[in-house]
Amino acid sequence: MVRFVENMNKWCMRLLRLVYLNLLWTVATILGLGFIGVGPATVAMLSILRQWIRGNEEVAIFSTFVRYFRESFKEAAIIGGLYSLVGYVLYVDIVNVSSWYVRVVTLIGAFLYLISLAYIFPLLAHYDWKGIGLKVKMSIVIGFSYLQYTLVLFVAIVVLFALILGLYPGILTFAGASIMGYLVMWMTHQVFSKIEREVLVKEEDMA
């Protein structure tokens with residue numbers, strides 16, 4: 001009984017941390033006028049989630065969020081604005097284009113966009129690479145190279161969203177972004193860890 005209560009308390013605390021992190025993400029996005037703030041806010045949120053996934057659950061949420069938000073602001077704001085614009089253009093094209101050929105090309109572009117979108121912000125949170133172009137390129141390369149993980153991630157997002165919407169839609173308001181962010185960061189972290197292990201094995205073979 002005591003163990004059950006301890007486990008329940010642990011899960012409740014995790015949920016409260018997700019709610020708090022979701023609140024910080026929402027406030028930072030709004031203060032950044034949406035399309036400007038969403039990038040830095042997302043990187044800050046994913047950076048904290050990455051710490052939790054790696055076992056550091058005692059990280060100071062507010063101060064760490066503010067630090068990551070400031071450090072990533074310029075680059076993440078540009079990327080966030082760019083992806084928001086491209087996403088809007090693709091949506092308008094898919095809805096309004098009548099030519100089947102153009103629609104097929106647009107859908108292919110949308111698929112590439114979603115693959116890149118799934119990895120670009122986790123890449124910003126995980127790696128300290130230089131250059132926006134490199135990060136956009138690698139988000140597509142990694143997404144395609146580990147397509148099985150990417151497709152599983154897409155399915156998991158859809159299933160989780162449907163379950164929350166059907167059972168507890170209020171959660172989307174209070175912790176939707178942080179829960180989805182946790183799922184994305186967890187899956188992409190598995191991919192990044194796999195890549196790093198493969199690189200290490202190759203270096204050991206070459207030594």
# chains A, B, ... in the order shown; residues from 1 in each chain; ligands from 1
$ closest_atom_pairs --of "range 173-196 of chain A" --to "range 152-169 of chain A" --cutoff "9 Å" --atoms "only C-alpha atoms" --output "tab-separated table"
residue	atom	partner	partner_atom	distance
A:Thr173	CA	A:Pro169	CA	7.7
A:Gly176	CA	A:Phe161	CA	8.5
A:Met180	CA	A:Ile157	CA	7.0
A:Leu183	CA	A:Ile157	CA	7.5
A:Val184	CA	A:Leu153	CA	7.0
A:Met187	CA	A:Leu153	CA	6.7
A:Thr188	CA	A:Leu153	CA	8.5
$ select_by_dssp --residues "range 86-134 of chain A" --states "alpha helix (DSSP H)" --output "ChimeraX atom specification"
/A:86-96,100-126,132-134
$ residues_around --residues "Val43 in chain A" --least-positions-apart "6" --cutoff "10 Å" --atoms "only C-alpha atoms" --output "JSON, numbers by chain"
{"A": [25, 49, 65, 68, 69, 71, 72, 73, 76, 77, 80, 120, 121, 122, 123, 124, 125, 126, 181]}
$ residues_around --residues "Leu112 in chain A" --least-positions-apart "6" --cutoff "9 Å" --atoms "only C-alpha atoms" --output "list in words"
Ile140, Gly143 and Phe144 of chain A
$ atom_distance --atom1 "CA of Glu57 in chain A" --atom2 "CA of Met8 in chain A"
16.4 Å
$ residues_around --residues "Leu21 in chain A" --least-positions-apart "3" --cutoff "8 Å" --atoms "only C-alpha atoms" --output "list in words"
Arg17, Leu18, Leu24, Trp25, Met45, Ile61, Ala175 and Ser178 of chain A
$ closest_residue --among "A:Ile179, A:Met185, A:Val102, A:Met206" --to "Ser47 in chain A" --atoms "only C-alpha atoms"
A:Met185
$ closest_residue --among "A:Lys194, A:Ser99, A:Val38, A:His189" --to "Tyr127 in chain A" --atoms "only C-alpha atoms"
A:His189
$ closest_residue --among "A:Val199, A:Leu151, A:Ser63, A:Arg70" --to "Gly32 in chain A" --atoms "only C-alpha atoms"
A:Arg70
$ residues_around --residues "Ile94 in chain A" --least-positions-apart "3" --cutoff "10 Å" --atoms "only C-alpha atoms" --output "PyMOL selection string"
chain A and resi 88-91+97-98+102-107+110
